[in-house]
Amino acid sequence: QVQVVESGGGWVQAGGSLRLSCAASGRTFRNYAMGWFRQAPGKEREFVSAIRWSGSYSYYADSGKGRFTISGDNAKNTVYLQMNSLKPEDTAVYYCAVRTTFAPLGSSYYSNEYGYDYWGQGTQVTVSS
């Protein structure tokens with residue numbers, strides 16, 4: 001069993017910053033990539049960002065480009081999401097996910113939630129105007 005645990009969510013005013021953390025642990029597993037997704041009330045879950053460890057490629061949804069930065073440590077199975085200049089529309093539950101299978105380069109692979117095998121329970125981010 002693999003456990004994925006997010007932390008760092010909270011309440012912040014518009015324009016503020018938050019740093020989300022995620023750690024995966026448990027039985028031995030191949031960690032090929034880690035990603036962040038979010039789900040706002042009444043909406044579908046959507047891609048936020050991902051990092052492919054091989055080559056350290058990172059991917060971002062248009063909504064977060066220039067404001068969000070993904071980083072992490074493959075050896076420690078940890079990933080972070082630094083979110084700056086937060087907007088009320090960033091309010092959502094943020095989920096961390098682990099991909100254990102190979103995929104070529106290209107955002108279409110890493111932005112697809114069905115490519116991820118293990119998920120955390122989510123952490124709430126609330127941005128007030």
# chains A, B, ... in the order shown; residues from 1 in each chain; ligands from 1
>>> residues_around(residues="segment 86-101 of chain A", least_positions_apart="5", cutoff="7 Å", atoms="only C-alpha atoms", output="ChimeraX atom specification")
/A:6,14-17,22,30-40,115-129
>>> select_by_dssp(residues="chain A", states="strand (DSSP E or B)", output="ChimeraX atom specification")
/A:2-7,10-13,18-26,33-39,46-52,57-60,68-73,78-83,92-99,118-119,123-128
>>> residues_around(residues="Ser58 of chain A", least_positions_apart="3", cutoff="9 Å", atoms="only C-alpha atoms", output="list in words")
Ser49, Ala50, Ile51, Arg52, Trp53, Thr69, Ile70, Ser71 and Ser107 of chain A
>>> closest_residue(among="A:Trp11, A:Asn112, A:Ala24, A:Tyr60", to="Asp73 of chain A", atoms="only C-alpha atoms")
A:Ala24
>>> closest_residue(among="A:Phe47, A:Gly10, A:Arg19, A:Gln3", to="Tyr114 of chain A", atoms="only C-alpha atoms")
A:Phe47
>>> select_by_dssp(residues="segment 12-121 of chain A", states="helix (DSSP H, G or I)", output="number ranges by chain")
A: 62-64, 74-76, 88-90, 107-110, 113-115
>>> atom_distance(atom1="atom CA of Val2 of chain A", atom2="atom CA of Arg27 of chain A")
5.9 Å
>>> atom_distance(atom1="atom CA of Ala61 of chain A", atom2="atom CA of Glu46 of chain A")
8.8 Å
>>> closest_residue(among="A:Ser111, A:Ser85, A:Thr78, A:Ser56", to="Val5 of chain A", atoms="only C-alpha atoms")
A:Thr78
